[in-house]
file my_file-v1.cif (mmCIF, C-alpha atoms and all ligand atoms)
data_coords
loop_
_atom_site.label_atom_id
_atom_site.label_comp_id
_atom_site.auth_asym_id
_atom_site.auth_seq_id
_atom_site.Cartn_x
_atom_site.Cartn_y
_atom_site.Cartn_z
CA MET Z 1 -146.94 -8.47 126.10
CA ASP Z 2 -150.64 -8.14 126.95
CA VAL Z 3 -152.24 -7.58 123.55
CA VAL Z 4 -155.58 -6.30 124.90
CA GLU Z 5 -153.68 -3.73 126.98
CA LEU Z 6 -151.51 -2.76 123.98
CA PHE Z 7 -154.52 -1.74 121.86
CA ALA Z 8 -156.70 -0.27 124.63
CA PRO Z 9 -155.33 3.32 124.40
CA LEU Z 10 -155.23 3.39 120.58
CA GLY Z 11 -158.90 3.15 119.52
CA GLU Z 12 -159.53 6.88 119.09
CA THR Z 13 -156.33 7.66 117.22
CA TYR Z 14 -155.69 4.30 115.53
CA ASP Z 15 -156.72 5.09 111.95
CA ARG Z 16 -154.97 8.45 111.73
CA TYR Z 17 -151.62 7.23 113.04
CA ALA Z 18 -151.68 3.78 111.41
CA ARG Z 19 -151.88 5.63 108.09
CA LEU Z 20 -149.19 8.15 109.03
CA LEU Z 21 -146.73 5.60 110.43
CA SER Z 22 -147.09 3.40 107.32
CA PHE Z 23 -146.38 6.42 105.06
CA GLY Z 24 -149.97 6.34 103.78
CA GLN Z 25 -149.59 2.75 102.48
CA ASP Z 26 -151.97 1.06 104.91
CA PRO Z 27 -155.28 2.03 103.16
CA ARG Z 28 -153.83 0.98 99.80
CA TRP Z 29 -152.88 -2.46 101.21
CA ARG Z 30 -156.36 -2.88 102.68
CA ARG Z 31 -157.97 -2.03 99.33
CA PHE Z 32 -155.91 -4.76 97.65
CA LEU Z 33 -156.86 -7.22 100.41
CA VAL Z 34 -160.57 -6.49 99.97
CA SER Z 35 -160.29 -6.83 96.18
CA ARG Z 36 -159.24 -10.49 96.64
CA LEU Z 37 -162.71 -11.48 97.93
CA ASP Z 38 -165.21 -12.69 95.41
CA VAL Z 39 -168.42 -11.94 97.35
CA GLY Z 40 -171.73 -10.16 96.71
CA PRO Z 41 -174.80 -8.80 98.52
CA GLN Z 42 -176.08 -12.28 99.46
CA ASP Z 43 -172.83 -13.19 101.22
CA THR Z 44 -171.60 -12.77 104.78
CA VAL Z 45 -167.91 -12.18 105.42
CA LEU Z 46 -166.14 -12.53 108.77
CA ASP Z 47 -163.44 -9.89 109.43
CA VAL Z 48 -161.29 -11.13 112.33
CA ALA Z 49 -159.23 -8.63 114.37
CA THR Z 50 -161.45 -5.98 112.81
CA GLY Z 51 -160.21 -3.27 115.21
CA THR Z 52 -161.85 0.00 114.18
CA ALA Z 53 -163.68 -1.77 111.31
CA ALA Z 54 -161.67 -0.24 108.43
CA VAL Z 55 -161.66 -3.49 106.42
CA ALA Z 56 -165.28 -4.30 107.35
CA ILE Z 57 -166.41 -0.91 106.00
CA MET Z 58 -164.41 -1.34 102.77
CA LEU Z 59 -165.86 -4.83 102.26
CA ALA Z 60 -169.47 -3.71 102.75
CA ARG Z 61 -169.00 -0.70 100.46
CA ARG Z 62 -167.27 -2.61 97.70
CA SER Z 63 -169.42 -5.75 97.57
CA GLY Z 64 -172.63 -4.86 99.38
CA CYS Z 65 -172.02 -7.96 101.51
CA HIS Z 66 -172.89 -8.38 105.17
CA VAL Z 67 -169.89 -8.32 107.49
CA VAL Z 68 -169.36 -9.61 110.99
CA GLY Z 69 -166.32 -7.90 112.54
CA LEU Z 70 -164.76 -9.63 115.55
CA ASP Z 71 -162.09 -8.23 117.88
CA GLN Z 72 -160.97 -8.84 121.44
CA SER Z 73 -160.48 -5.14 122.25
CA PRO Z 74 -163.63 -3.32 123.48
CA GLU Z 75 -161.86 0.02 122.99
CA MET Z 76 -161.03 -0.63 119.32
CA LEU Z 77 -164.60 -1.88 118.76
CA GLU Z 78 -166.07 1.23 120.36
CA THR Z 79 -164.36 3.37 117.73
CA GLY Z 80 -165.43 0.79 115.14
CA HIS Z 81 -169.10 1.17 116.14
CA ARG Z 82 -168.88 4.93 115.68
CA ARG Z 83 -167.20 4.58 112.27
CA VAL Z 84 -169.77 2.04 111.05
CA ALA Z 85 -172.64 4.31 112.13
CA ALA Z 86 -171.00 7.35 110.49
CA ALA Z 87 -170.64 5.34 107.27
CA GLY Z 88 -174.38 4.50 107.39
CA LEU Z 89 -173.58 0.77 107.41
CA SER Z 90 -175.07 -0.33 110.74
CA ASP Z 91 -177.58 -2.53 108.88
CA ARG Z 92 -174.81 -4.44 107.10
CA ILE Z 93 -171.97 -4.58 109.64
CA GLU Z 94 -172.21 -6.23 113.04
CA LEU Z 95 -169.29 -5.90 115.46
CA ILE Z 96 -168.75 -8.40 118.22
CA GLU Z 97 -166.20 -8.93 120.96
CA GLY Z 98 -164.39 -12.26 120.80
CA THR Z 99 -161.11 -14.01 120.30
CA ALA Z 100 -159.70 -15.45 117.08
CA GLU Z 101 -158.51 -18.57 118.88
CA ARG Z 102 -162.10 -19.61 119.73
CA LEU Z 103 -164.56 -18.20 117.26
CA PRO Z 104 -168.17 -18.27 118.50
CA PHE Z 105 -169.49 -19.60 115.15
CA ASP Z 106 -170.51 -22.94 113.64
CA ASP Z 107 -168.34 -24.81 111.16
CA GLU Z 108 -168.63 -23.67 107.53
CA SER Z 109 -170.79 -20.62 108.29
CA TYR Z 110 -169.06 -17.84 106.30
CA ASP Z 111 -168.80 -17.05 102.56
CA GLY Z 112 -165.49 -15.22 103.01
CA LEU Z 113 -163.01 -14.26 105.72
CA THR Z 114 -160.46 -11.49 106.11
CA PHE Z 115 -157.96 -10.75 108.85
CA THR Z 116 -155.43 -8.00 109.23
CA TYR Z 117 -152.30 -7.89 111.42
CA LEU Z 118 -153.51 -10.80 113.55
CA LEU Z 119 -151.13 -13.77 113.45
CA ARG Z 120 -148.24 -11.93 115.18
CA TYR Z 121 -150.46 -11.49 118.24
CA VAL Z 122 -151.60 -15.08 118.80
CA GLY Z 123 -149.69 -17.72 120.78
CA ASP Z 124 -150.19 -20.52 118.25
CA PRO Z 125 -150.58 -19.19 114.67
CA ALA Z 126 -151.06 -22.72 113.22
CA ALA Z 127 -153.98 -23.47 115.58
CA THR Z 128 -155.51 -20.03 114.92
CA MET Z 129 -155.30 -20.62 111.16
CA ARG Z 130 -157.15 -23.94 111.60
CA GLU Z 131 -159.80 -22.14 113.66
CA LEU Z 132 -160.26 -19.48 110.94
CA ALA Z 133 -160.52 -22.17 108.23
CA ARG Z 134 -163.09 -24.09 110.30
CA VAL Z 135 -165.79 -21.39 110.01
CA LEU Z 136 -165.37 -20.97 106.22
CA LYS Z 137 -167.60 -22.74 103.71
CA PRO Z 138 -165.69 -25.07 101.37
CA GLY Z 139 -164.43 -23.10 98.37
CA ALA Z 140 -164.81 -19.73 100.14
CA THR Z 141 -161.98 -17.18 99.97
CA ILE Z 142 -159.79 -16.20 102.90
CA ALA Z 143 -157.43 -13.20 102.69
CA MET Z 144 -154.90 -11.70 105.08
CA LEU Z 145 -152.87 -8.50 105.32
CA GLU Z 146 -149.67 -8.43 107.36
CA PHE Z 147 -146.53 -6.34 107.57
CA GLY Z 148 -143.57 -7.85 105.73
CA VAL Z 149 -139.79 -7.55 105.96
CA PRO Z 150 -138.43 -5.94 102.77
CA ARG Z 151 -135.49 -7.70 101.10
CA ARG Z 152 -132.28 -6.53 99.41
CA LEU Z 153 -131.78 -2.76 99.02
CA ALA Z 154 -134.96 -1.79 100.88
CA ARG Z 155 -133.97 -3.80 104.00
CA PRO Z 156 -131.48 -1.31 105.54
CA ALA Z 157 -134.00 1.54 105.17
CA TRP Z 158 -136.69 -0.64 106.80
CA GLU Z 159 -134.36 -1.56 109.67
CA LEU Z 160 -133.52 2.09 110.25
CA TYR Z 161 -137.20 3.00 110.24
CA VAL Z 162 -138.37 0.29 112.68
CA ARG Z 163 -135.34 0.65 114.98
CA VAL Z 164 -135.18 4.45 115.14
CA GLY Z 165 -137.92 6.27 113.21
CA LEU Z 166 -140.97 4.35 114.38
CA PRO Z 167 -140.15 4.34 118.13
CA LEU Z 168 -139.32 8.04 117.92
CA LEU Z 169 -142.45 9.02 116.01
CA GLY Z 170 -144.56 6.82 118.31
CA ALA Z 171 -143.10 8.56 121.36
CA ILE Z 172 -144.03 11.95 119.90
CA VAL Z 173 -147.66 10.87 119.44
CA SER Z 174 -148.41 9.34 122.87
CA HIS Z 175 -147.32 6.80 125.48
CA GLY Z 176 -149.53 4.13 123.87
CA TRP Z 177 -148.01 4.68 120.42
CA ARG Z 178 -144.49 4.69 121.87
CA ARG Z 179 -145.10 1.09 123.04
CA VAL Z 180 -146.45 0.10 119.62
CA GLY Z 181 -143.58 1.90 117.84
CA SER Z 182 -140.96 -0.05 119.81
CA PHE Z 183 -142.84 -3.35 119.63
CA LEU Z 184 -143.61 -3.52 115.91
CA GLY Z 185 -140.14 -3.99 114.34
CA PRO Z 186 -139.04 -6.94 116.54
CA SER Z 187 -142.54 -8.47 116.33
CA ILE Z 188 -142.60 -8.39 112.48
CA ARG Z 189 -138.99 -9.62 112.16
CA GLU Z 190 -139.46 -12.47 114.65
CA PHE Z 191 -142.76 -13.60 113.16
CA HIS Z 192 -141.33 -13.96 109.64
CA ARG Z 193 -138.18 -15.64 110.99
CA ARG Z 194 -140.20 -18.29 112.85
CA TYR Z 195 -143.05 -18.99 110.44
CA ASP Z 196 -143.56 -19.72 106.78
CA VAL Z 197 -147.02 -18.19 106.43
CA VAL Z 198 -147.85 -19.98 103.17
CA ASP Z 199 -147.10 -23.28 104.90
CA LEU Z 200 -149.30 -22.35 107.87
CA TRP Z 201 -152.14 -21.69 105.46
CA ARG Z 202 -151.71 -24.95 103.53
CA GLN Z 203 -151.54 -26.97 106.75
CA ALA Z 204 -154.82 -25.35 107.83
CA GLY Z 205 -156.53 -26.69 104.70
CA ILE Z 206 -156.32 -23.62 102.46
CA ASP Z 207 -155.74 -24.33 98.75
CA ASP Z 208 -154.51 -22.15 95.88
CA VAL Z 209 -152.55 -19.97 98.28
CA ARG Z 210 -151.17 -16.86 96.57
CA GLN Z 211 -149.34 -13.86 97.91
CA ARG Z 212 -148.43 -10.35 96.77
CA HIS Z 213 -145.71 -8.22 98.34
CA LEU Z 214 -146.63 -4.53 98.36
CA SER Z 215 -144.62 -1.34 98.84
CA LEU Z 216 -141.19 -3.03 98.42
CA GLY Z 217 -142.26 -5.84 100.75
CA GLY Z 218 -143.41 -3.60 103.63
CA GLY Z 219 -146.85 -5.20 103.33
CA VAL Z 220 -147.90 -8.68 102.25
CA VAL Z 221 -151.34 -9.93 101.24
CA LEU Z 222 -152.12 -13.66 101.10
CA TRP Z 223 -155.28 -15.22 99.75
CA GLY Z 224 -156.60 -18.69 99.02
CA ARG Z 225 -159.66 -20.95 99.16
CA ARG Z 226 -160.81 -23.35 101.80
CA ALA Z 227 -160.45 -26.89 100.46
C1 LIG K 301 -153.06 -3.68 114.38
S1 LIG K 301 -154.73 -3.86 114.82
C2 LIG K 301 -155.49 -4.04 113.26
C3 LIG K 301 -156.93 -3.66 113.25
C4 LIG K 301 -157.63 -3.77 111.89
N1 LIG K 301 -157.60 -5.11 111.38
C5 LIG K 301 -157.02 -2.80 110.90
O1 LIG K 301 -156.44 -3.22 109.92
O2 LIG K 301 -157.16 -1.61 111.13
C6 LIG K 301 -154.75 -5.50 115.45
C7 LIG K 301 -156.10 -5.87 116.05
O3 LIG K 301 -156.07 -7.25 116.37
C8 LIG K 301 -156.81 -7.45 117.55
N2 LIG K 301 -156.40 -8.74 118.08
C9 LIG K 301 -155.16 -9.14 118.45
N3 LIG K 301 -155.17 -10.42 118.86
C10 LIG K 301 -156.46 -10.85 118.75
C11 LIG K 301 -157.12 -12.09 119.01
N4 LIG K 301 -156.43 -13.14 119.47
N5 LIG K 301 -158.44 -12.18 118.78
C12 LIG K 301 -159.15 -11.12 118.32
N6 LIG K 301 -158.58 -9.92 118.06
C13 LIG K 301 -157.25 -9.78 118.25
C14 LIG K 301 -156.43 -6.25 118.41
O4 LIG K 301 -157.35 -6.04 119.44
C15 LIG K 301 -156.40 -5.14 117.35
O5 LIG K 301 -157.64 -4.50 117.25
#

call {"tool": "encode", "arguments": {"input": "my_file-v1.cif", "output": "structure tokens", "more": "lines below"}}
Ligand SMILES: C[S@@+](CC[C@H](N)C(=O)[O-])C[C@H]1O[C@@H](n2cnc3c(N)ncnc32)[C@H](O)[C@@H]1O
result
Amino acid sequence: MDVVELFAPLGETYDRYARLLSFGQDPRWRRFLVSRLDVGPQDTVLDVATGTAAVAIMLARRSGCHVVGLDQSPEMLETGHRRVAAAGLSDRIELIEGTAERLPFDDESYDGLTFTYLLRYVGDPAATMRELARVLKPGATIAMLEFGVPRRLARPAWELYVRVGLPLLGAIVSHGWRRVGSFLGPSIREFHRRYDVVDLWRQAGIDDVRQRHLSLGGGVVLWGRRA
């Protein structure tokens, strides 16, 4: 799966359909993610896999901090640039093209770091986590949002949704969303089967790792501090 190709056709419609296909939960999850960061106007936060800059905009609005948003998709960033300008935040948010596996920043340069729906897309999540930790100042907060796999009674409904509902709804929207709709369920299931995310974080040098499952486990937010 070519990840750059997967996101290329989505930029324009991403925010609308991401909200719809997550039953309106996505913005709520992002708000909780952003609330985990203890930063203020003097701080600069790196938002990796920023996409259309939804988290970057929330961060700048909530804390008055400066944000650097990085993503490898020029199409997602193009929509991001428009959204940042429309929000009147061009002086506080800078968007740059780049890859999470090789961040173009010095060690210990950021006061906080967020990333959303990233680790399922990288070849080596442990190495990417180490790379994210590298650019954080000691003691700074890192927070992540990812889809989860609900347990117990909610699991059959989730399976039905990702196996049937999501591919079908995606197909109704567009060809690009059909691919995403079919890809997401197996990608989320396989990621959580292979990796213990808390362990990945600890091995990357993140302390005080905490997590909160949201919406019956459909979303999960992790946060911690760089040692
Ligand atoms: C599902 S979107 C999420 C976008 C945004 N974080 C949000 O919550 O709206 C995933 C984003 O990750 C980006 N991405 C995937 N792998 C990446 C990588 N290795 N480096 C940088 N960006 C990546 C994609 O281009 C895409 O914009």

call {"tool": "residues_near_ligand", "arguments": {"input": "my_file-v1.cif", "ligand": "ligand LIG 301 (chain K)", "cutoff": "7 Å", "atoms": "all atoms listed in the file", "output": "count of residues only"}}
result
27

call {"tool": "residues_around", "arguments": {"input": "my_file-v1.cif", "residues": "Ile93 (chain Z)", "least_positions_apart": "5", "cutoff": "9 Å", "atoms": "only C-alpha atoms", "output": "list of chain:residue names"}}
result
Z:Ala53, Z:Ala56, Z:Ile57, Z:Ala60, Z:Cys65, Z:His66, Z:Val67, Z:Val68, Z:Gly69, Z:Val84

call {"tool": "residues_near_point", "arguments": {"input": "my_file-v1.cif", "point": "(-142.2, 4.7, 118.0)", "cutoff": "8 Å", "atoms": "all atoms listed in the file", "output": "list in words"}}
result
Val162, Val164, Gly165, Leu166, Pro167, Leu168, Leu169, Gly170, Ala171, Ile172, Trp177, Arg178, Arg179, Val180, Gly181 and Ser182 of chain Z

call {"tool": "closest_residue", "arguments": {"input": "my_file-v1.cif", "among": "Z:Arg82, Z:Val149, Z:Leu46, Z:Trp201", "to": "Pro104 (chain Z)", "atoms": "only C-alpha atoms"}}
result
Z:Leu46

call {"tool": "closest_residue", "arguments": {"input": "my_file-v1.cif", "among": "Z:Arg19, Z:Leu59, Z:Thr79, Z:Leu200", "to": "Arg36 (chain Z)", "atoms": "all atoms listed in the file"}}
result
Z:Leu59

call {"tool": "atom_distance", "arguments": {"input": "my_file-v1.cif", "atom1": "CA of Leu37 (chain Z)", "atom2": "CA of Ala86 (chain Z)"}}
result
24.1 Å

call {"tool": "closest_residue", "arguments": {"input": "my_file-v1.cif", "among": "Z:Arg92, Z:His81, Z:Arg226, Z:Arg130", "to": "Asp208 (chain Z)", "atoms": "all atoms listed in the file"}}
result
Z:Arg226
